[in-house]
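Shown here: my_file_6.pdb, PDB, C-alpha atoms, pLDDT in the B column.
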ATOM      1  CA  MET U  24     111.163  89.897 101.459  1.00 78.00           C
ATOM      2  CA  ASP U  25     108.457  91.036  99.070  1.00 87.00           C
ATOM      3  CA  PHE U  26     109.704  94.386  97.852  1.00 92.00           C
ATOM      4  CA  THR U  27     106.367  95.230  96.220  1.00 92.00           C
ATOM      5  CA  SER U  28     105.021  96.001  99.716  1.00 92.00           C
ATOM      6  CA  LEU U  29     107.366  98.999  99.798  1.00 94.00           C
ATOM      7  CA  LEU U  30     105.591 100.555  96.838  1.00 96.00           C
ATOM      8  CA  ASP U  31     102.311 102.448  96.834  1.00 95.00           C
ATOM      9  CA  PHE U  32     100.561 101.556  93.603  1.00 95.00           C
ATOM     10  CA  SER U  33      97.301 103.175  94.753  1.00 92.00           C
ATOM     11  CA  LYS U  34      98.266 106.793  94.110  1.00 86.00           C
ATOM     12  CA  ALA U  35      98.322 106.679  90.322  1.00 85.00           C
ATOM     13  CA  GLY U  36      95.963 103.993  89.134  1.00 88.00           C
ATOM     14  CA  GLY U  37      98.194 101.000  89.839  1.00 94.00           C
ATOM     15  CA  LEU U  38     101.370 102.601  88.560  1.00 96.00           C
ATOM     16  CA  VAL U  39     104.537 104.015  90.011  1.00 97.00           C
ATOM     17  CA  THR U  40     107.050 106.237  88.243  1.00 97.00           C
ATOM     18  CA  ALA U  41     110.296 104.582  87.179  1.00 98.00           C
ATOM     19  CA  ILE U  42     113.498 106.477  86.411  1.00 98.00           C
ATOM     20  CA  ALA U  43     116.408 104.909  84.567  1.00 98.00           C
ATOM     21  CA  GLN U  44     119.740 106.485  85.435  1.00 98.00           C
ATOM     22  CA  ASP U  45     123.008 105.464  83.798  1.00 98.00           C
ATOM     23  CA  ALA U  46     124.931 103.577  86.486  1.00 98.00           C
ATOM     24  CA  THR U  47     128.261 104.901  85.267  1.00 97.00           C
ATOM     25  CA  SER U  48     127.661 108.477  84.144  1.00 97.00           C
ATOM     26  CA  ASP U  49     124.633 109.219  86.410  1.00 98.00           C
ATOM     27  CA  GLU U  50     122.864 110.722  83.396  1.00 98.00           C
ATOM     28  CA  ILE U  51     119.087 110.340  83.558  1.00 98.00           C
ATOM     29  CA  LEU U  52     118.138 108.290  80.533  1.00 98.00           C
ATOM     30  CA  MET U  53     114.354 108.053  80.629  1.00 98.00           C
ATOM     31  CA  VAL U  54     111.248 108.064  82.784  1.00 98.00           C
ATOM     32  CA  ALA U  55     108.326 105.667  82.390  1.00 97.00           C
ATOM     33  CA  ASN U  56     105.881 103.700  84.546  1.00 97.00           C
ATOM     34  CA  MET U  57     105.696 100.332  86.233  1.00 98.00           C
ATOM     35  CA  ASN U  58     102.758  98.356  87.513  1.00 97.00           C
ATOM     36  CA  GLU U  59     103.299  95.627  90.093  1.00 97.00           C
ATOM     37  CA  GLU U  60     103.909  92.953  87.474  1.00 97.00           C
ATOM     38  CA  ALA U  61     106.477  95.087  85.648  1.00 98.00           C
ATOM     39  CA  PHE U  62     108.280  95.735  88.932  1.00 97.00           C
ATOM     40  CA  ARG U  63     108.300  92.017  89.781  1.00 97.00           C
ATOM     41  CA  ARG U  64     109.642  91.060  86.369  1.00 97.00           C
ATOM     42  CA  THR U  65     112.353  93.694  86.634  1.00 97.00           C
ATOM     43  CA  LEU U  66     113.457  92.179  89.952  1.00 96.00           C
ATOM     44  CA  GLU U  67     113.274  88.623  88.645  1.00 95.00           C
ATOM     45  CA  THR U  68     114.977  89.087  85.292  1.00 96.00           C
ATOM     46  CA  GLY U  69     117.531  91.797  86.079  1.00 97.00           C
ATOM     47  CA  GLU U  70     116.362  93.711  83.000  1.00 98.00           C
ATOM     48  CA  VAL U  71     113.999  96.644  83.168  1.00 98.00           C
ATOM     49  CA  VAL U  72     110.346  95.978  82.355  1.00 98.00           C
ATOM     50  CA  TYR U  73     107.959  98.944  82.260  1.00 98.00           C
ATOM     51  CA  TRP U  74     104.222  99.246  81.808  1.00 97.00           C
ATOM     52  CA  SER U  75     103.371 101.001  78.577  1.00 95.00           C
ATOM     53  CA  ARG U  76     100.395 103.285  79.144  1.00 90.00           C
ATOM     54  CA  SER U  77      99.927 103.950  75.424  1.00 89.00           C
ATOM     55  CA  ARG U  78      99.922 100.250  74.508  1.00 93.00           C
ATOM     56  CA  SER U  79      98.430  98.982  77.809  1.00 95.00           C
ATOM     57  CA  LYS U  80     100.919  96.152  78.094  1.00 97.00           C
ATOM     58  CA  LEU U  81     104.171  95.138  79.718  1.00 98.00           C
ATOM     59  CA  TRP U  82     107.118  96.651  77.936  1.00 97.00           C
ATOM     60  CA  HIS U  83     110.421  94.857  78.210  1.00 98.00           C
ATOM     61  CA  LYS U  84     112.615  97.772  77.232  1.00 97.00           C
ATOM     62  CA  GLY U  85     114.794  96.831  74.274  1.00 93.00           C
ATOM     63  CA  GLU U  86     112.602  93.953  73.138  1.00 89.00           C
ATOM     64  CA  GLU U  87     112.499  95.467  69.639  1.00 80.00           C
ATOM     65  CA  SER U  88     115.796  97.296  69.419  1.00 76.00           C
ATOM     66  CA  GLY U  89     117.944  94.947  71.522  1.00 85.00           C
ATOM     67  CA  ASN U  90     118.817  97.923  73.711  1.00 89.00           C
ATOM     68  CA  VAL U  91     117.850  96.360  77.031  1.00 97.00           C
ATOM     69  CA  GLN U  92     118.596  97.954  80.399  1.00 98.00           C
ATOM     70  CA  LYS U  93     120.558  95.779  82.828  1.00 98.00           C
ATOM     71  CA  VAL U  94     119.690  96.499  86.449  1.00 98.00           C
ATOM     72  CA  LYS U  95     122.710  97.628  88.482  1.00 98.00           C
ATOM     73  CA  GLY U  96     120.860  99.071  91.469  1.00 97.00           C
ATOM     74  CA  LEU U  97     117.301  99.669  92.661  1.00 97.00           C
ATOM     75  CA  TYR U  98     116.122 102.429  94.985  1.00 98.00           C
ATOM     76  CA  ILE U  99     112.695 103.451  96.282  1.00 98.00           C
ATOM     77  CA  ASP U 100     111.816 106.952  97.401  1.00 98.00           C
ATOM     78  CA  CYS U 101     110.554 107.997 100.826  1.00 96.00           C
ATOM     79  CA  ASP U 102     106.855 107.743 100.022  1.00 94.00           C
ATOM     80  CA  GLY U 103     107.084 104.683  97.813  1.00 96.00           C
ATOM     81  CA  ASP U 104     105.745 106.017  94.538  1.00 96.00           C
ATOM     82  CA  VAL U 105     108.968 106.239  92.541  1.00 98.00           C
ATOM     83  CA  VAL U 106     111.545 103.579  91.658  1.00 98.00           C
ATOM     84  CA  LEU U 107     115.029 104.653  90.666  1.00 98.00           C
ATOM     85  CA  ILE U 108     116.928 102.082  88.642  1.00 98.00           C
ATOM     86  CA  LYS U 109     120.630 102.404  87.964  1.00 98.00           C
ATOM     87  CA  VAL U 110     121.175 100.687  84.652  1.00 98.00           C
ATOM     88  CA  GLU U 111     123.689  99.634  82.094  1.00 98.00           C
ATOM     89  CA  GLN U 112     122.064 100.746  78.845  1.00 98.00           C
ATOM     90  CA  ILE U 113     122.941  98.196  76.180  1.00 97.00           C
ATOM     91  CA  GLY U 114     123.484  99.904  72.830  1.00 95.00           C
ATOM     92  CA  GLY U 115     124.123 103.196  74.572  1.00 94.00           C
ATOM     93  CA  ALA U 116     120.749 104.792  73.813  1.00 94.00           C
ATOM     94  CA  ALA U 117     117.506 104.817  75.797  1.00 95.00           C
ATOM     95  CA  CYS U 118     115.374 107.185  73.724  1.00 94.00           C
ATOM     96  CA  HIS U 119     113.139 106.062  70.869  1.00 91.00           C
ATOM     97  CA  THR U 120     114.648 108.918  68.844  1.00 94.00           C
ATOM     98  CA  GLY U 121     118.001 107.118  69.010  1.00 93.00           C
ATOM     99  CA  ARG U 122     119.487 109.621  71.404  1.00 96.00           C
ATOM    100  CA  ARG U 123     121.284 108.471  74.544  1.00 96.00           C
ATOM    101  CA  SER U 124     118.794 110.177  76.853  1.00 98.00           C
ATOM    102  CA  CYS U 125     115.181 111.301  76.423  1.00 98.00           C
ATOM    103  CA  PHE U 126     116.127 114.606  78.084  1.00 98.00           C
ATOM    104  CA  PHE U 127     117.785 116.142  75.063  1.00 98.00           C
ATOM    105  CA  ARG U 128     115.796 119.410  75.055  1.00 97.00           C
ATOM    106  CA  ARG U 129     117.404 122.042  77.233  1.00 97.00           C
ATOM    107  CA  LEU U 130     115.483 125.239  77.937  1.00 96.00           C
ATOM    108  CA  ASP U 131     118.063 127.912  77.445  1.00 91.00           C
ATOM    109  CA  GLY U 132     116.862 131.407  78.237  1.00 83.00           C
ATOM    110  CA  GLU U 133     114.383 132.055  75.427  1.00 87.00           C
ATOM    111  CA  SER U 134     115.097 129.061  73.223  1.00 94.00           C
ATOM    112  CA  VAL U 135     115.321 125.270  73.254  1.00 96.00           C
ATOM    113  CA  GLN U 136     118.645 123.605  72.532  1.00 95.00           C
ATOM    114  CA  ASP U 137     118.949 120.024  71.336  1.00 96.00           C
ATOM    115  CA  VAL U 138     121.811 118.753  73.485  1.00 95.00           C
ATOM    116  CA  GLY U 139     121.174 115.101  72.666  1.00 96.00           C
ATOM    117  CA  VAL U 140     123.805 112.595  71.651  1.00 95.00           C
ATOM    118  CA  GLN U 141     122.547 110.633  68.642  1.00 96.00           C
ATOM    119  CA  VAL U 142     123.524 106.979  69.009  1.00 93.00           C
ATOM    120  CA  PHE U 143     121.414 105.178  66.432  1.00 90.00           C
ATOM    121  CA  ASP U 144     119.033 105.863  63.549  1.00 91.00           C
ATOM    122  CA  PRO U 145     115.530 104.927  64.748  1.00 88.00           C
ATOM    123  CA  ASP U 146     114.351 104.216  61.185  1.00 87.00           C
ATOM    124  CA  GLU U 147     117.096 101.635  60.939  1.00 85.00           C
ATOM    125  CA  VAL U 148     116.586 100.060  64.346  1.00 79.00           C
ATOM    126  CA  TYR U 149     112.791  99.921  64.425  1.00 75.00           C
ATOM    127  CA  LYS U 150     112.470  99.097  60.710  1.00 69.00           C
ATOM    128  CA  LYS U 151     109.639 101.558  60.211  1.00 54.00           C
TER     129      LYS U 151
ATOM    130  CA  MET V  20     108.976 131.508  73.591  1.00 79.00           C
ATOM    131  CA  ASP V  21     106.323 129.988  75.799  1.00 87.00           C
ATOM    132  CA  PHE V  22     107.963 126.836  77.121  1.00 91.00           C
ATOM    133  CA  THR V  23     104.691 125.506  78.541  1.00 92.00           C
ATOM    134  CA  SER V  24     103.701 124.576  74.969  1.00 92.00           C
ATOM    135  CA  LEU V  25     106.466 121.940  75.052  1.00 94.00           C
ATOM    136  CA  LEU V  26     104.751 120.117  77.899  1.00 96.00           C
ATOM    137  CA  ASP V  27     101.792 117.772  77.691  1.00 95.00           C
ATOM    138  CA  PHE V  28      99.725 118.392  80.806  1.00 95.00           C
ATOM    139  CA  SER V  29      96.823 116.303  79.458  1.00 92.00           C
ATOM    140  CA  LYS V  30      98.278 112.862  80.190  1.00 86.00           C
ATOM    141  CA  ALA V  31      98.062 112.963  83.955  1.00 85.00           C
ATOM    142  CA  GLY V  32      95.260 115.269  84.994  1.00 88.00           C
ATOM    143  CA  GLY V  33      97.052 118.555  84.406  1.00 94.00           C
ATOM    144  CA  LEU V  34     100.345 117.440  85.897  1.00 96.00           C
ATOM    145  CA  VAL V  35     103.783 116.520  84.657  1.00 97.00           C
ATOM    146  CA  THR V  36     106.482 114.686  86.596  1.00 97.00           C
ATOM    147  CA  ALA V  37     109.370 116.798  87.862  1.00 98.00           C
ATOM    148  CA  ILE V  38     112.758 115.393  88.842  1.00 98.00           C
ATOM    149  CA  ALA V  39     115.274 117.371  90.865  1.00 98.00           C
ATOM    150  CA  GLN V  40     118.860 116.302  90.232  1.00 98.00           C
ATOM    151  CA  ASP V  41     121.823 117.787  92.061  1.00 98.00           C
ATOM    152  CA  ALA V  42     123.611 119.949  89.492  1.00 98.00           C
ATOM    153  CA  THR V  43     127.013 119.131  90.928  1.00 97.00           C
ATOM    154  CA  SER V  44     126.879 115.479  92.019  1.00 97.00           C
ATOM    155  CA  ASP V  45     124.156 114.325  89.568  1.00 98.00           C
ATOM    156  CA  GLU V  46     122.442 112.562  92.473  1.00 98.00           C
ATOM    157  CA  ILE V  47     118.671 112.384  92.066  1.00 98.00           C
ATOM    158  CA  LEU V  48     117.236 114.268  95.010  1.00 98.00           C
ATOM    159  CA  MET V  49     113.463 113.933  94.671  1.00 98.00           C
ATOM    160  CA  VAL V  50     110.544 113.482  92.316  1.00 98.00           C
ATOM    161  CA  ALA V  51     107.278 115.406  92.519  1.00 97.00           C
ATOM    162  CA  ASN V  52     104.713 117.000  90.203  1.00 97.00           C
ATOM    163  CA  MET V  53     104.142 120.328  88.500  1.00 98.00           C
ATOM    164  CA  ASN V  54     101.035 121.841  87.012  1.00 97.00           C
ATOM    165  CA  GLU V  55     101.332 124.633  84.461  1.00 97.00           C
ATOM    166  CA  GLU V  56     101.371 127.351  87.100  1.00 97.00           C
ATOM    167  CA  ALA V  57     104.100 125.595  89.099  1.00 98.00           C
ATOM    168  CA  PHE V  58     106.189 125.251  85.943  1.00 97.00           C
ATOM    169  CA  ARG V  59     105.697 128.947  85.078  1.00 97.00           C
ATOM    170  CA  ARG V  60     106.666 130.057  88.566  1.00 97.00           C
ATOM    171  CA  THR V  61     109.742 127.867  88.479  1.00 97.00           C
ATOM    172  CA  LEU V  62     110.839 129.538  85.241  1.00 96.00           C
ATOM    173  CA  GLU V  63     110.033 133.030  86.522  1.00 95.00           C
ATOM    174  CA  THR V  64     111.568 132.789  89.977  1.00 96.00           C
ATOM    175  CA  GLY V  65     114.537 130.500  89.367  1.00 97.00           C
ATOM    176  CA  GLU V  66     113.477 128.432  92.369  1.00 98.00           C
ATOM    177  CA  VAL V  67     111.591 125.173  92.061  1.00 98.00           C
ATOM    178  CA  VAL V  68     107.836 125.280  92.635  1.00 98.00           C
ATOM    179  CA  TYR V  69     105.917 121.993  92.599  1.00 98.00           C
ATOM    180  CA  TRP V  70     102.240 121.144  92.797  1.00 97.00           C
ATOM    181  CA  SER V  71     101.446 119.258  95.974  1.00 95.00           C
ATOM    182  CA  ARG V  72      98.877 116.563  95.239  1.00 90.00           C
ATOM    183  CA  SER V  73      98.287 115.829  98.914  1.00 89.00           C
ATOM    184  CA  ARG V  74      97.674 119.474  99.820  1.00 93.00           C
ATOM    185  CA  SER V  75      96.228 120.532  96.429  1.00 95.00           C
ATOM    186  CA  LYS V  76      98.275 123.693  96.292  1.00 97.00           C
ATOM    187  CA  LEU V  77     101.434 125.190  94.875  1.00 98.00           C
ATOM    188  CA  TRP V  78     104.468 124.110  96.839  1.00 97.00           C
ATOM    189  CA  HIS V  79     107.464 126.390  96.766  1.00 97.00           C
ATOM    190  CA  LYS V  80     110.011 123.830  97.900  1.00 97.00           C
ATOM    191  CA  GLY V  81     111.828 125.058 100.983  1.00 93.00           C
ATOM    192  CA  GLU V  82     109.161 127.576 101.972  1.00 89.00           C
ATOM    193  CA  GLU V  83     109.081 126.047 105.466  1.00 80.00           C
ATOM    194  CA  SER V  84     112.591 124.705 105.887  1.00 76.00           C
ATOM    195  CA  GLY V  85     114.462 127.366 103.928  1.00 85.00           C
ATOM    196  CA  ASN V  86     115.940 124.574 101.812  1.00 89.00           C
ATOM    197  CA  VAL V  87     114.947 125.975  98.434  1.00 97.00           C
ATOM    198  CA  GLN V  88     116.137 124.549  95.134  1.00 98.00           C
ATOM    199  CA  LYS V  89     117.914 127.005  92.834  1.00 98.00           C
ATOM    200  CA  VAL V  90     117.396 126.180  89.158  1.00 98.00           C
ATOM    201  CA  LYS V  91     120.676 125.520  87.337  1.00 98.00           C
ATOM    202  CA  GLY V  92     119.255 123.822  84.240  1.00 97.00           C
ATOM    203  CA  LEU V  93     115.913 122.715  82.816  1.00 97.00           C
ATOM    204  CA  TYR V  94     115.312 119.821  80.440  1.00 98.00           C
ATOM    205  CA  ILE V  95     112.153 118.311  78.925  1.00 98.00           C
ATOM    206  CA  ASP V  96     111.875 114.715  77.767  1.00 98.00           C
ATOM    207  CA  CYS V  97     111.011 113.520  74.279  1.00 96.00           C
ATOM    208  CA  ASP V  98     107.269 113.222  74.840  1.00 94.00           C
ATOM    209  CA  GLY V  99     106.902 116.276  77.056  1.00 96.00           C
ATOM    210  CA  ASP V 100     105.555 114.742  80.240  1.00 96.00           C
ATOM    211  CA  VAL V 101     108.642 114.991  82.438  1.00 98.00           C
ATOM    212  CA  VAL V 102     110.739 117.996  83.462  1.00 98.00           C
ATOM    213  CA  LEU V 103     114.271 117.450  84.684  1.00 98.00           C
ATOM    214  CA  ILE V 104     115.635 120.260  86.819  1.00 98.00           C
ATOM    215  CA  LYS V 105     119.282 120.493  87.735  1.00 98.00           C
ATOM    216  CA  VAL V 106     119.354 122.253  91.066  1.00 98.00           C
ATOM    217  CA  GLU V 107     121.506 123.651  93.780  1.00 98.00           C
ATOM    218  CA  GLN V 108     119.876 122.293  96.925  1.00 98.00           C
ATOM    219  CA  ILE V 109     120.187 124.930  99.628  1.00 97.00           C
ATOM    220  CA  GLY V 110     120.762 123.288 103.010  1.00 95.00           C
ATOM    221  CA  GLY V 111     121.985 120.142 101.307  1.00 94.00           C
ATOM    222  CA  ALA V 112     118.853 118.057 101.875  1.00 94.00           C
ATOM    223  CA  ALA V 113     115.782 117.572  99.691  1.00 95.00           C
ATOM    224  CA  CYS V 114     113.886 114.900 101.628  1.00 94.00           C
ATOM    225  CA  HIS V 115     111.339 115.687 104.328  1.00 91.00           C
ATOM    226  CA  THR V 116     113.129 113.051 106.460  1.00 94.00           C
ATOM    227  CA  GLY V 117     116.176 115.322 106.515  1.00 93.00           C
ATOM    228  CA  ARG V 118     118.171 113.082 104.213  1.00 96.00           C
ATOM    229  CA  ARG V 119     119.983 114.510 101.205  1.00 96.00           C
ATOM    230  CA  SER V 120     117.915 112.471  98.747  1.00 98.00           C
ATOM    231  CA  CYS V 121     114.493 110.825  98.938  1.00 98.00           C
ATOM    232  CA  PHE V 122     116.019 107.703  97.356  1.00 98.00           C
ATOM    233  CA  PHE V 123     117.681 106.394 100.495  1.00 98.00           C
ATOM    234  CA  ARG V 124     116.204 102.874 100.387  1.00 97.00           C
ATOM    235  CA  ARG V 125     118.318 100.522  98.317  1.00 97.00           C
ATOM    236  CA  LEU V 126     116.934  97.089  97.516  1.00 96.00           C
ATOM    237  CA  ASP V 127     119.854  94.819  98.185  1.00 91.00           C
ATOM    238  CA  GLY V 128     119.219  91.172  97.342  1.00 83.00           C
ATOM    239  CA  GLU V 129     116.703  90.175  99.980  1.00 87.00           C
ATOM    240  CA  SER V 130     116.808  93.233 102.203  1.00 94.00           C
ATOM    241  CA  VAL V 131     116.472  97.005 102.179  1.00 96.00           C
ATOM    242  CA  GLN V 132     119.459  99.138 103.102  1.00 96.00           C
ATOM    243  CA  ASP V 133     119.152 102.714 104.298  1.00 96.00           C
ATOM    244  CA  VAL V 134     121.933 104.410 102.346  1.00 96.00           C
ATOM    245  CA  GLY V 135     120.712 107.922 103.091  1.00 96.00           C
ATOM    246  CA  VAL V 136     122.869 110.777 104.255  1.00 95.00           C
ATOM    247  CA  GLN V 137     121.158 112.535 107.163  1.00 96.00           C
ATOM    248  CA  VAL V 138     121.616 116.280 106.855  1.00 93.00           C
ATOM    249  CA  PHE V 139     119.097 117.735 109.294  1.00 90.00           C
ATOM    250  CA  ASP V 140     116.673 116.684 112.011  1.00 91.00           C
ATOM    251  CA  PRO V 141     113.161 117.107 110.609  1.00 88.00           C
ATOM    252  CA  ASP V 142     111.656 117.614 114.082  1.00 87.00           C
ATOM    253  CA  GLU V 143     113.958 120.577 114.478  1.00 85.00           C
ATOM    254  CA  VAL V 144     113.436 122.071 111.039  1.00 79.00           C
ATOM    255  CA  TYR V 145     109.686 121.632 110.714  1.00 75.00           C
ATOM    256  CA  LYS V 146     109.009 122.373 114.398  1.00 69.00           C
ATOM    257  CA  LYS V 147     106.553 119.507 114.664  1.00 53.00           C
TER     258      LYS V 147
END
Please render this file's structure as structure tokens.
Amino acid sequence: MDFTSLLDFSKAGGLVTAIAQDATSDEILMVANMNEEAFRRTLETGEVVYWSRSRSKLWHKGEESGNVQKVKGLYIDCDGDVVLIKVEQIGGAACHTGRRSCFFRRLDGESVQDVGVQVFDPDEVYKK
Amino acid sequence: MDFTSLLDFSKAGGLVTAIAQDATSDEILMVANMNEEAFRRTLETGEVVYWSRSRSKLWHKGEESGNVQKVKGLYIDCDGDVVLIKVEQIGGAACHTGRRSCFFRRLDGESVQDVGVQVFDPDEVYKK
């Protein structure tokens, strides 16, 4: 069947929200967007492809760093505007800061704690 | 400190994405939106308050069903447009269908499997 019919791309200008969750640890790694083409390519290739709003183009996650996300499971929420992807994160880090997860800032009472696990040096990986 | 300064409400018309994850099982329960007021109320009350786009009003989750979400942890992603909330889901179900999680549709090869755990009967709870 055509799984794109399960998604409602009309709510947010042609995009749905996409969540990458580590298939083993269940840690949430990152959140980004997909348009229909990104969703199709993710299904076809078995690697996660997002739509980059800032660059207005398809974004095959890991295309620069090699840290691709292998699809291990795909779920759609009740109203069809969010895709949950269980992934194997190659390289062990999803965040552009080199941390395992983008959710490394924990609000802790009156302060913010950096609870991130640093996996790589972004200056090294992205050759900036 | 004022945690709202960590969030970028400008990207999506005054809203950020909010993910509720079960604090114990790490299952993703639901995804919705927050405006600044919803985020503030969540911090102040310790129970999750979203912004309902369809009803254009603050949505104290569980106000009808009693199934509120108690805040157990709050995280913000690297670019400040997503809030991750670890919650205790009172009543055991987050989805309006009565299932534990909104992500009950698994794309499985060529078909869709309902892998949801039914916790309550929505007709009973919402008295529709």
Transformed chain V, reference chain U, full Cα set in order, as a short mmCIF file (atom, residue, chain, number, x, y, z; two decimals) with C-alpha atoms, keeping the file's coordinate frame:
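Saved the output as selection_8.cif:
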data_model
loop_
_atom_site.label_atom_id
_atom_site.label_comp_id
_atom_site.auth_asym_id
_atom_site.auth_seq_id
_atom_site.Cartn_x
_atom_site.Cartn_y
_atom_site.Cartn_z
CA MET V 20 111.16 89.91 101.47
CA ASP V 21 108.46 91.03 99.09
CA PHE V 22 109.70 94.39 97.86
CA THR V 23 106.37 95.23 96.22
CA SER V 24 105.02 95.99 99.72
CA LEU V 25 107.37 99.01 99.80
CA LEU V 26 105.59 100.57 96.84
CA ASP V 27 102.31 102.45 96.84
CA PHE V 28 100.56 101.54 93.61
CA SER V 29 97.30 103.18 94.75
CA LYS V 30 98.28 106.80 94.10
CA ALA V 31 98.32 106.68 90.33
CA GLY V 32 95.96 103.99 89.12
CA GLY V 33 98.18 101.00 89.84
CA LEU V 34 101.36 102.60 88.56
CA VAL V 35 104.54 104.01 90.02
CA THR V 36 107.06 106.23 88.24
CA ALA V 37 110.30 104.58 87.18
CA ILE V 38 113.50 106.47 86.41
CA ALA V 39 116.41 104.90 84.56
CA GLN V 40 119.75 106.48 85.42
CA ASP V 41 123.01 105.46 83.80
CA ALA V 42 124.93 103.57 86.49
CA THR V 43 128.25 104.89 85.27
CA SER V 44 127.65 108.49 84.15
CA ASP V 45 124.64 109.22 86.42
CA GLU V 46 122.87 110.72 83.40
CA ILE V 47 119.10 110.34 83.56
CA LEU V 48 118.15 108.27 80.54
CA MET V 49 114.36 108.05 80.63
CA VAL V 50 111.26 108.05 82.79
CA ALA V 51 108.33 105.67 82.39
CA ASN V 52 105.88 103.70 84.54
CA MET V 53 105.70 100.32 86.22
CA ASN V 54 102.76 98.35 87.52
CA GLU V 55 103.31 95.63 90.09
CA GLU V 56 103.92 92.96 87.48
CA ALA V 57 106.48 95.10 85.65
CA PHE V 58 108.29 95.74 88.93
CA ARG V 59 108.29 92.01 89.78
CA ARG V 60 109.64 91.07 86.37
CA THR V 61 112.34 93.69 86.64
CA LEU V 62 113.46 92.18 89.95
CA GLU V 63 113.27 88.62 88.64
CA THR V 64 114.97 89.10 85.29
CA GLY V 65 117.52 91.80 86.08
CA GLU V 66 116.36 93.70 83.01
CA VAL V 67 114.00 96.64 83.17
CA VAL V 68 110.35 95.98 82.36
CA TYR V 69 107.97 98.95 82.26
CA TRP V 70 104.22 99.25 81.82
CA SER V 71 103.37 101.01 78.59
CA ARG V 72 100.39 103.29 79.14
CA SER V 73 99.93 103.95 75.43
CA ARG V 74 99.92 100.26 74.51
CA SER V 75 98.43 98.98 77.80
CA LYS V 76 100.91 96.16 78.09
CA LEU V 77 104.16 95.14 79.71
CA TRP V 78 107.12 96.66 77.94
CA HIS V 79 110.41 94.85 78.22
CA LYS V 80 112.62 97.76 77.24
CA GLY V 81 114.79 96.83 74.29
CA GLU V 82 112.60 93.95 73.14
CA GLU V 83 112.52 95.47 69.64
CA SER V 84 115.81 97.31 69.44
CA GLY V 85 117.92 94.95 71.53
CA ASN V 86 118.83 97.92 73.72
CA VAL V 87 117.84 96.37 77.03
CA GLN V 88 118.59 97.94 80.40
CA LYS V 89 120.56 95.77 82.82
CA VAL V 90 119.69 96.49 86.45
CA LYS V 91 122.71 97.62 88.48
CA GLY V 92 120.86 99.08 91.47
CA LEU V 93 117.31 99.67 92.67
CA TYR V 94 116.13 102.43 94.98
CA ILE V 95 112.69 103.45 96.28
CA ASP V 96 111.81 106.96 97.40
CA CYS V 97 110.56 108.00 100.82
CA ASP V 98 106.86 107.75 100.02
CA GLY V 99 107.09 104.68 97.80
CA ASP V 100 105.74 106.01 94.53
CA VAL V 101 108.96 106.23 92.53
CA VAL V 102 111.54 103.58 91.66
CA LEU V 103 115.03 104.64 90.67
CA ILE V 104 116.93 102.08 88.64
CA LYS V 105 120.62 102.39 87.96
CA VAL V 106 121.17 100.67 84.65
CA GLU V 107 123.67 99.62 82.09
CA GLN V 108 122.06 100.74 78.84
CA ILE V 109 122.94 98.19 76.18
CA GLY V 110 123.48 99.91 72.83
CA GLY V 111 124.11 103.19 74.59
CA ALA V 112 120.75 104.80 73.81
CA ALA V 113 117.51 104.81 75.79
CA CYS V 114 115.36 107.18 73.72
CA HIS V 115 113.14 106.04 70.87
CA THR V 116 114.66 108.92 68.84
CA GLY V 117 118.00 107.13 68.99
CA ARG V 118 119.49 109.63 71.41
CA ARG V 119 121.30 108.47 74.53
CA SER V 120 118.80 110.17 76.84
CA CYS V 121 115.19 111.29 76.42
CA PHE V 122 116.13 114.60 78.09
CA PHE V 123 117.78 116.15 75.05
CA ARG V 124 115.79 119.41 75.05
CA ARG V 125 117.40 122.04 77.24
CA LEU V 126 115.48 125.23 77.93
CA ASP V 127 118.06 127.91 77.44
CA GLY V 128 116.84 131.42 78.22
CA GLU V 129 114.38 132.05 75.42
CA SER V 130 115.08 129.05 73.22
CA VAL V 131 115.31 125.27 73.25
CA GLN V 132 118.63 123.60 72.53
CA ASP V 133 118.93 120.03 71.33
CA VAL V 134 121.80 118.75 73.47
CA GLY V 135 121.16 115.10 72.67
CA VAL V 136 123.79 112.60 71.66
CA GLN V 137 122.55 110.62 68.65
CA VAL V 138 123.53 106.98 69.01
CA PHE V 139 121.42 105.18 66.42
CA ASP V 140 119.05 105.88 63.55
CA PRO V 141 115.55 104.93 64.72
CA ASP V 142 114.37 104.23 61.16
CA GLU V 143 117.10 101.64 60.93
CA VAL V 144 116.59 100.07 64.34
CA TYR V 145 112.80 99.95 64.42
CA LYS V 146 112.48 99.13 60.70
CA LYS V 147 109.65 101.60 60.26
#
Scan for residues within 10 Å of the point (100.0, 119.1, 83.1) in the coordinates of the file, using all atoms listed in the file, and reply as a short mmCIF file (atom, residue, chain, number, x, y, z; two decimals) with C-alpha atoms, keeping the file's coordinate frame.
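The result, stored in part_24.cif:
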data_model
loop_
_atom_site.label_atom_id
_atom_site.label_comp_id
_atom_site.auth_asym_id
_atom_site.auth_seq_id
_atom_site.Cartn_x
_atom_site.Cartn_y
_atom_site.Cartn_z
CA THR V 23 104.69 125.51 78.54
CA LEU V 26 104.75 120.12 77.90
CA ASP V 27 101.79 117.77 77.69
CA PHE V 28 99.72 118.39 80.81
CA SER V 29 96.82 116.30 79.46
CA LYS V 30 98.28 112.86 80.19
CA ALA V 31 98.06 112.96 83.96
CA GLY V 32 95.26 115.27 84.99
CA GLY V 33 97.05 118.56 84.41
CA LEU V 34 100.34 117.44 85.90
CA VAL V 35 103.78 116.52 84.66
CA THR V 36 106.48 114.69 86.60
CA ASN V 52 104.71 117.00 90.20
CA MET V 53 104.14 120.33 88.50
CA ASN V 54 101.04 121.84 87.01
CA GLU V 55 101.33 124.63 84.46
CA GLU V 56 101.37 127.35 87.10
CA ALA V 57 104.10 125.60 89.10
CA PHE V 58 106.19 125.25 85.94
CA GLY V 99 106.90 116.28 77.06
CA ASP V 100 105.56 114.74 80.24
CA VAL V 101 108.64 114.99 82.44
#
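A straight line drawn from CA of Leu107 (chain U) to CA of Ile42 (chain U) is 4.9 Å long.
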